[in-house]
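Read through the structure below, which is laid out as structure tokens, and then see the notes.
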Amino acid sequence: MRCVWWTLAAGALLCLPGGAGLDNGLARTPPMGWLHWERFMCETDCGKNPSGCISEQLFMQMADMMVSNGWLKAGYRYLCIDDCWLATQRDENNRLQADPTRFPGGIKKLADYVHARGLLLGIYQDVGKATCAGYPGSQGFYELDAQTFADWGIDLLKFDGCNYGTLELLEDGYRRMSIALNRTGRNILYSCEWPLYARRLTKINYTEVAEYCNSWRNFDDIEDSWTSLKYVIDFTASLQGELVAAAGPGGWNDPDMLVIGNFGLSWDQEVTQMALWSIMAAPLLMSNDLRDINPRSKALLQDQEVIAINQDPLGVQGYRLLKIQSFELWEKPLAGGSLAVSVTNRQEIGGARLFPLSRAMLWQGLACKKTCYLTQLLPTRYEYGSFNATFFLQLSVNPSGTVLLRVD
Ligand SMILES: *[C@@H]1O[C@H](CO)[C@@H](O)[C@H](O)[C@H]1NC(C)=O
Ligand SMILES: *[C@@H]1O[C@H](CO)[C@@H](O)[C@H](O)[C@H]1NC(C)=O
């Protein structure tokens with residue numbers, strides 16, 4: 001299903017059957033997992049920082065946490081390595097190799113460890129001559145690297161776009177790696193950053209990107225701050241006409257990692273990220289320290305009803321309907337004519353403010369023609385119960401916080 005959104009009438013969303021996402025059977029709903037970058041970056045000094053350096057030990061400990069602390073059960077299945085895992089040189093046969101001191105067992109052994117626990121392993125490479133941190137890139141070696149990843153048992157590739165050379169090399173590289181992964185015969189989810197790099201140079205053809213990639217980054221790296229979160233949300237809304245149409249089962253817009261459980265967001269801001277990433281049908285890739293995370297953030301990240309909105313099988317990306325008096329109203333059509341609705345209070349002074357939400361503002365495709373059942377999911381769960389089809393609610397929303405509802 002691919003949907004076209006337009007601005008003439010509130011909630012006007014036209015969904016057409018078909019539409020060509022990457023046809024590899026993967027990412028039928030947005031991928032979920034953990035990715036090291038935002039929290040652990042490129043720390044390579046295991047002498048000074050043994051528990052925070054990029055090493056096999058870090059990933060083995062995260063794998064253990066994902067299983068023992070309910071993350072896998074909640075749906076977080078991909079454990080993903082980002083940049084800085086590589087040795088500074090390829091081996092004598094030009095094959096990639098992991099840093100021998102930080103990954104003494106090699107990636108294959110780590111993949112076995114991860115698979116034995118029911119998880120999947122993601123890895124990172126770059127379309128250009130070198131990765132963003134300066135390790136050997138895949139340019140000139142796409143087929144060989146794809147085969148190496150398949151041989152190791154890799155399940156996801158995050159393919160960055162630093163040091164690409166020309167636009168032609170960049171785009172050609174993203175296409176070639178997609179084909180190379182397919183030819184290995186192994187199911188490897190392909191997470192691209194093609195539009196993020198190419199949009200500086202050309203107009204993005206999202207139809208084509210979706211034919212080659214299972215997800216794609218459009219905007220800069222997220223950081224652990226409310227400022228960064230707002231940039232990503234505003235950027236996505238500003239391009240939503242194009243982005244919403246591109247998303248669907250098999251291919252998703254990626255607004256980057258969930259930073260919930262770190263240092264920079266208040267509780268209300270954490271709620272905003274979880275609510276909007278669910279509304280946006282974003283990949284849910286956490287970057288935090290699962291060995292040390294506060295219970296409230298953990299419960300938010302594992303909230304099954306919120307995750308169900310993100311993972312809804314209809315696979316429609318939600319969109320911003322309305323921006324008024326520093327409120328933002330977003331909605332996401334769900335399977336069976338249900339709807340997720342979020343209201344964010346973007347006024348950063350004062351206390352909670354009331355937002356008047358009425359049925360007439362929302363998607364006209366709602367299945368509840370006579371009686372609608374309303375449940376608030378965030379910031380706390382609350383059953384409003386049954387309303388007639390012309391319902392009206394006053395929602396109280398904290399500054400930089402979000403109320404997330406579902407209408408059935
Ligand atoms: C390779 O592509 C074909 C055709 O699009 C698809 O049917 C097949 O599932 C893909 N295989 C893998 C391993 O991705
Ligand atoms: C975009 O890509 C699709 C699929 O590759 C192609 O059919 C279409 O012609 C392209 N559109 C433009 C404007 O180039």
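How things are named: the first chain in the structure tokens is A, the next is B, and so on; residues count from 1 in each chain; ligands count from 1 in the order shown.
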With only C-alpha atoms and all ligand atoms counted, collect every polymer residue having an atom within 6 Å of ligand 1; state the result as a VMD selection string. chain A and resid 23 to 24 182 185 to 187
Do you know which residues are at most 10 Å from Gly140 of chain A counting only C-alpha atoms, after dropping those on the same chain fewer than 5 positions away, and could you put them as a PyMOL selection string? chain A and resi 127-129+145+173
List every residue of segment 33-206 of chain A that DSSP, applied to the backbone of this structure, places in helix (DSSP H, G or I), and write the result as a ChimeraX atom specification. /A:37-40,56-68,71-74,106-116,142-152,167-184,194-198,206
Considering only C-alpha atoms, return as number ranges by chain whatever protein or nucleic-acid residues lie within 10 Å of Lys370 of chain A, sequence-local ones (same chain, fewer than 3 positions apart) excluded. A: 367, 386-390
Can you pull out every residue within 7 Å of His36 of chain A, counting only C-alpha atoms, but drop anything in the same chain fewer than 4 positions away, and send it as a ChimeraX atom specification? /A:40-41,80-82,287
Output N, CA, C and O atoms for every residue in the selection just made, as a PDB file, in the first residue's frame.
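Dumped to out06.pdb:
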ATOM      1  N   PHE A  40      27.122   5.537  21.988  1.00  0.00           N
ATOM      2  CA  PHE A  40      28.503   5.078  22.160  1.00  0.00           C
ATOM      3  C   PHE A  40      29.472   5.624  21.111  1.00  0.00           C
ATOM      4  O   PHE A  40      30.684   5.521  21.281  1.00  0.00           O
ATOM      5  N   MET A  41      28.932   6.186  20.042  1.00  0.00           N
ATOM      6  CA  MET A  41      29.713   6.861  19.004  1.00  0.00           C
ATOM      7  C   MET A  41      30.929   6.041  18.558  1.00  0.00           C
ATOM      8  O   MET A  41      30.814   4.868  18.269  1.00  0.00           O
ATOM      9  N   CYS A  80      22.436  -3.765  16.394  1.00  0.00           N
ATOM     10  CA  CYS A  80      23.169  -3.205  15.256  1.00  0.00           C
ATOM     11  C   CYS A  80      24.452  -2.485  15.646  1.00  0.00           C
ATOM     12  O   CYS A  80      24.451  -1.615  16.517  1.00  0.00           O
ATOM     13  N   ILE A  81      25.506  -2.855  14.932  1.00  0.00           N
ATOM     14  CA  ILE A  81      26.813  -2.226  15.057  1.00  0.00           C
ATOM     15  C   ILE A  81      26.832  -1.033  14.108  1.00  0.00           C
ATOM     16  O   ILE A  81      26.373  -1.138  12.972  1.00  0.00           O
ATOM     17  N   ASP A  82      27.384   0.096  14.553  1.00  0.00           N
ATOM     18  CA  ASP A  82      27.536   1.258  13.674  1.00  0.00           C
ATOM     19  C   ASP A  82      29.011   1.397  13.295  1.00  0.00           C
ATOM     20  O   ASP A  82      29.751   0.400  13.300  1.00  0.00           O
ATOM     21  N   SER A 287      19.108   3.915  20.833  1.00  0.00           N
ATOM     22  CA  SER A 287      20.536   4.030  21.126  1.00  0.00           C
ATOM     23  C   SER A 287      20.633   4.529  22.559  1.00  0.00           C
ATOM     24  O   SER A 287      20.427   5.708  22.849  1.00  0.00           O
TER      25      SER A 287
END
Contacts to ligand 2 at 9 Å cut-off (only C-alpha atoms and all ligand atoms) as a PyMOL selection string: chain A and resi 20+203-211
Using only N, CA, C and O atoms, please write the residues we just selected to a file, as a compact mmCIF listing (two decimals), in the first residue's frame.
# COMPACT_ATOMS: atom_id res chain seq x y z
N ALA A 20 5.90 -0.14 -5.37
CA ALA A 20 6.99 -1.08 -5.35
C ALA A 20 7.99 -0.76 -4.27
O ALA A 20 8.85 0.09 -4.44
N LYS A 203 17.18 16.31 -6.87
CA LYS A 203 15.85 16.02 -6.33
C LYS A 203 15.74 14.51 -6.14
O LYS A 203 16.09 13.74 -7.04
N ILE A 204 15.28 14.09 -4.98
CA ILE A 204 15.24 12.66 -4.68
C ILE A 204 14.04 12.01 -5.37
O ILE A 204 12.91 12.50 -5.26
N ASN A 205 14.29 10.91 -6.03
CA ASN A 205 13.21 10.09 -6.58
C ASN A 205 12.92 8.98 -5.56
O ASN A 205 13.57 7.94 -5.56
N TYR A 206 11.94 9.22 -4.70
CA TYR A 206 11.67 8.27 -3.62
C TYR A 206 11.12 6.94 -4.12
O TYR A 206 11.28 5.92 -3.48
N THR A 207 10.47 6.99 -5.29
CA THR A 207 10.00 5.71 -5.86
C THR A 207 11.20 4.80 -6.09
O THR A 207 11.17 3.61 -5.78
N GLU A 208 12.26 5.38 -6.61
CA GLU A 208 13.44 4.58 -6.89
C GLU A 208 14.15 4.16 -5.59
O GLU A 208 14.55 3.00 -5.45
N VAL A 209 14.29 5.08 -4.65
CA VAL A 209 14.95 4.73 -3.38
C VAL A 209 14.23 3.55 -2.73
O VAL A 209 14.86 2.60 -2.25
N ALA A 210 12.90 3.59 -2.77
CA ALA A 210 12.11 2.51 -2.14
C ALA A 210 12.23 1.19 -2.89
O ALA A 210 12.00 0.13 -2.32
N GLU A 211 12.62 1.25 -4.14
CA GLU A 211 12.83 0.01 -4.90
C GLU A 211 14.11 -0.70 -4.48
O GLU A 211 14.26 -1.90 -4.69
I need the residue nearest Met274 of chain A from this list: A:Asn253, A:Asn69, A:Ser297, A:Gln364. Use only C-alpha atoms for the distance.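 Selected residue with least distance to Met274 of chain A: A:Ser297.
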re atom CA of Ser278 of chain A and atom CA of Leu58 of chain A: distance 27.6 Å
Name the residues of segment 262-388 of chain A that fall into strand (DSSP E or B) according to DSSP on the backbone, using the chain letters and numbers of this document, as a ChimeraX atom specification. /A:284-286,319-324,327-333,339-345,353-358,371-378,382-388
So that I can check the surroundings of Ser266 of chain A, please list as a PDB file with N, CA, C and O atoms, in the first residue's frame every protein, DNA and RNA residue that reaches within 12 Å of it, counting only C-alpha atoms and ignoring chain neighbours fewer than 2 positions away.
ATOM      1  N   ASP A 224      21.097  13.759  21.417  1.00  0.00           N
ATOM      2  CA  ASP A 224      20.352  13.536  22.651  1.00  0.00           C
ATOM      3  C   ASP A 224      19.829  14.864  23.206  1.00  0.00           C
ATOM      4  O   ASP A 224      20.242  15.299  24.277  1.00  0.00           O
ATOM      5  N   SER A 225      18.979  15.535  22.432  1.00  0.00           N
ATOM      6  CA  SER A 225      18.467  16.833  22.880  1.00  0.00           C
ATOM      7  C   SER A 225      17.102  17.124  22.276  1.00  0.00           C
ATOM      8  O   SER A 225      16.755  16.613  21.203  1.00  0.00           O
ATOM      9  N   TRP A 226      16.357  17.968  22.946  1.00  0.00           N
ATOM     10  CA  TRP A 226      15.047  18.407  22.465  1.00  0.00           C
ATOM     11  C   TRP A 226      15.198  19.226  21.181  1.00  0.00           C
ATOM     12  O   TRP A 226      14.391  19.114  20.253  1.00  0.00           O
ATOM     13  N   THR A 227      16.270  20.018  21.092  1.00  0.00           N
ATOM     14  CA  THR A 227      16.513  20.804  19.879  1.00  0.00           C
ATOM     15  C   THR A 227      16.628  19.875  18.669  1.00  0.00           C
ATOM     16  O   THR A 227      16.008  20.105  17.623  1.00  0.00           O
ATOM     17  N   LEU A 229      15.574  16.777  18.368  1.00  0.00           N
ATOM     18  CA  LEU A 229      14.293  16.100  18.139  1.00  0.00           C
ATOM     19  C   LEU A 229      13.338  16.994  17.338  1.00  0.00           C
ATOM     20  O   LEU A 229      12.686  16.553  16.389  1.00  0.00           O
ATOM     21  N   VAL A 259      16.343   8.148  21.227  1.00  0.00           N
ATOM     22  CA  VAL A 259      17.363   8.487  22.234  1.00  0.00           C
ATOM     23  C   VAL A 259      16.786   8.445  23.653  1.00  0.00           C
ATOM     24  O   VAL A 259      17.418   8.914  24.609  1.00  0.00           O
ATOM     25  N   ILE A 260      15.626   7.882  23.782  1.00  0.00           N
ATOM     26  CA  ILE A 260      14.961   7.727  25.082  1.00  0.00           C
ATOM     27  C   ILE A 260      15.827   6.886  26.013  1.00  0.00           C
ATOM     28  O   ILE A 260      16.366   5.858  25.604  1.00  0.00           O
ATOM     29  N   GLY A 261      15.944   7.340  27.267  1.00  0.00           N
ATOM     30  CA  GLY A 261      16.732   6.582  28.246  1.00  0.00           C
ATOM     31  C   GLY A 261      18.149   7.098  28.405  1.00  0.00           C
ATOM     32  O   GLY A 261      18.957   6.482  29.082  1.00  0.00           O
ATOM     33  N   ASN A 262      18.446   8.230  27.772  1.00  0.00           N
ATOM     34  CA  ASN A 262      19.785   8.825  27.903  1.00  0.00           C
ATOM     35  C   ASN A 262      19.754  10.022  28.844  1.00  0.00           C
ATOM     36  O   ASN A 262      19.167   9.942  29.913  1.00  0.00           O
ATOM     37  N   PHE A 263      20.343  11.153  28.428  1.00  0.00           N
ATOM     38  CA  PHE A 263      20.557  12.279  29.343  1.00  0.00           C
ATOM     39  C   PHE A 263      19.797  13.540  28.965  1.00  0.00           C
ATOM     40  O   PHE A 263      19.538  14.377  29.805  1.00  0.00           O
ATOM     41  N   GLY A 264      19.449  13.687  27.662  1.00  0.00           N
ATOM     42  CA  GLY A 264      19.077  15.005  27.163  1.00  0.00           C
ATOM     43  C   GLY A 264      17.598  15.339  27.145  1.00  0.00           C
ATOM     44  O   GLY A 264      17.242  16.507  27.033  1.00  0.00           O
ATOM     45  N   ASP A 268       8.566  14.391  29.406  1.00  0.00           N
ATOM     46  CA  ASP A 268       7.576  14.764  28.397  1.00  0.00           C
ATOM     47  C   ASP A 268       8.164  14.687  26.984  1.00  0.00           C
ATOM     48  O   ASP A 268       7.474  14.295  26.035  1.00  0.00           O
ATOM     49  N   GLN A 269       9.443  15.028  26.864  1.00  0.00           N
ATOM     50  CA  GLN A 269      10.090  14.966  25.545  1.00  0.00           C
ATOM     51  C   GLN A 269      10.313  13.519  25.112  1.00  0.00           C
ATOM     52  O   GLN A 269      10.232  13.195  23.919  1.00  0.00           O
ATOM     53  N   GLU A 270      10.587  12.648  26.064  1.00  0.00           N
ATOM     54  CA  GLU A 270      10.697  11.214  25.743  1.00  0.00           C
ATOM     55  C   GLU A 270       9.347  10.695  25.221  1.00  0.00           C
ATOM     56  O   GLU A 270       9.284   9.938  24.253  1.00  0.00           O
ATOM     57  N   VAL A 271       8.281  11.123  25.861  1.00  0.00           N
ATOM     58  CA  VAL A 271       6.937  10.733  25.414  1.00  0.00           C
ATOM     59  C   VAL A 271       6.709  11.235  23.988  1.00  0.00           C
ATOM     60  O   VAL A 271       6.177  10.519  23.130  1.00  0.00           O
ATOM     61  N   THR A 272       7.127  12.473  23.725  1.00  0.00           N
ATOM     62  CA  THR A 272       6.963  13.027  22.377  1.00  0.00           C
ATOM     63  C   THR A 272       7.714  12.188  21.351  1.00  0.00           C
ATOM     64  O   THR A 272       7.181  11.874  20.283  1.00  0.00           O
ATOM     65  N   GLN A 273       8.944  11.789  21.660  1.00  0.00           N
ATOM     66  CA  GLN A 273       9.662  10.985  20.669  1.00  0.00           C
ATOM     67  C   GLN A 273       8.964   9.642  20.435  1.00  0.00           C
ATOM     68  O   GLN A 273       8.762   9.234  19.297  1.00  0.00           O
ATOM     69  N   ARG A 296      11.155   4.032  34.044  1.00  0.00           N
ATOM     70  CA  ARG A 296      10.078   4.737  33.340  1.00  0.00           C
ATOM     71  C   ARG A 296      10.371   4.805  31.836  1.00  0.00           C
ATOM     72  O   ARG A 296       9.485   4.590  31.009  1.00  0.00           O
ATOM     73  N   SER A 297      11.628   5.082  31.481  1.00  0.00           N
ATOM     74  CA  SER A 297      12.000   5.109  30.060  1.00  0.00           C
ATOM     75  C   SER A 297      11.851   3.719  29.451  1.00  0.00           C
ATOM     76  O   SER A 297      11.396   3.556  28.315  1.00  0.00           O
ATOM     77  N   ASN A 398       1.249  18.846  28.210  1.00  0.00           N
ATOM     78  CA  ASN A 398       2.367  19.548  28.855  1.00  0.00           C
ATOM     79  C   ASN A 398       3.275  20.205  27.825  1.00  0.00           C
ATOM     80  O   ASN A 398       3.390  19.721  26.694  1.00  0.00           O
ATOM     81  N   PRO A 399       3.977  21.270  28.203  1.00  0.00           N
ATOM     82  CA  PRO A 399       4.950  21.878  27.299  1.00  0.00           C
ATOM     83  C   PRO A 399       5.980  20.838  26.838  1.00  0.00           C
ATOM     84  O   PRO A 399       6.506  20.092  27.663  1.00  0.00           O
ATOM     85  N   SER A 400       6.243  20.783  25.550  1.00  0.00           N
ATOM     86  CA  SER A 400       7.116  19.827  24.847  1.00  0.00           C
ATOM     87  C   SER A 400       6.683  18.374  25.015  1.00  0.00           C
ATOM     88  O   SER A 400       7.402  17.458  24.622  1.00  0.00           O
ATOM     89  N   GLY A 401       5.493  18.177  25.556  1.00  0.00           N
ATOM     90  CA  GLY A 401       4.946  16.831  25.709  1.00  0.00           C
ATOM     91  C   GLY A 401       3.911  16.522  24.634  1.00  0.00           C
ATOM     92  O   GLY A 401       3.532  17.387  23.839  1.00  0.00           O
TER      93      GLY A 401
END
Pick out the residues sitting within 12 Å of Leu167 of chain A, and hand them over as a list of chain:residue names; count only C-alpha atoms, and ignore anything fewer than 2 positions along from it in its own chain. A:Val127, A:Gly128, A:Gly161, A:Cys162, A:Asn163, A:Tyr164, A:Gly165, A:Leu169, A:Leu170, A:Glu171, A:Asp172, A:Gly173, A:Tyr174, A:Trp194, A:Pro195, A:Tyr197, A:Ala198, A:Arg199, A:Arg200, A:Leu201, A:Thr202, A:Lys203, A:Ile204
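If you count only C-alpha atoms and ignore residues fewer than 3 places along the chain from Pro30 of chain A, what sits within 9 Å of it is A:Ala27, A:Asn214, A:Ser215, A:Gly248, A:Pro249, A:Gly250, A:Gly251, A:Trp252, A:Ala281, A:Ala282, A:Pro283, A:Leu284, A:Asn310, A:Gln311, A:Gly315.
Proximity of A:Arg90, A:Arg28, A:Lys369, A:Arg39 to Leu290 of chain A, computed with only C-alpha atoms, is greatest for A:Arg39.
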Selected residue of minimal separation from Ala340 of chain A among A:Leu354, A:Ile279, A:Leu395, A:Leu265, counting only C-alpha atoms: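 Residue with the minimum atom-to-atom distance to Ala340 of chain A: A:Ile279.
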Computed interatomic separation between atom CA of Gly70 of chain A and atom CA of Gln302 of chain A (Å):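 We find that atom CA of Gly70 of chain A and atom CA of Gln302 of chain A lie 7.9 Å from each other.
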From A:Leu322, A:Lys332, A:Phe327, A:Ala275, residue lying nearest Leu378 of chain A [only C-alpha atoms]: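 That would be A:Ala275, the residue with the smallest distance to Leu378 of chain A.
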Distance in Å - atom CA of Ala299 of chain A versus atom CA of Leu189 of chain A: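 We find that atom CA of Ala299 of chain A and atom CA of Leu189 of chain A lie 27.2 Å from each other.
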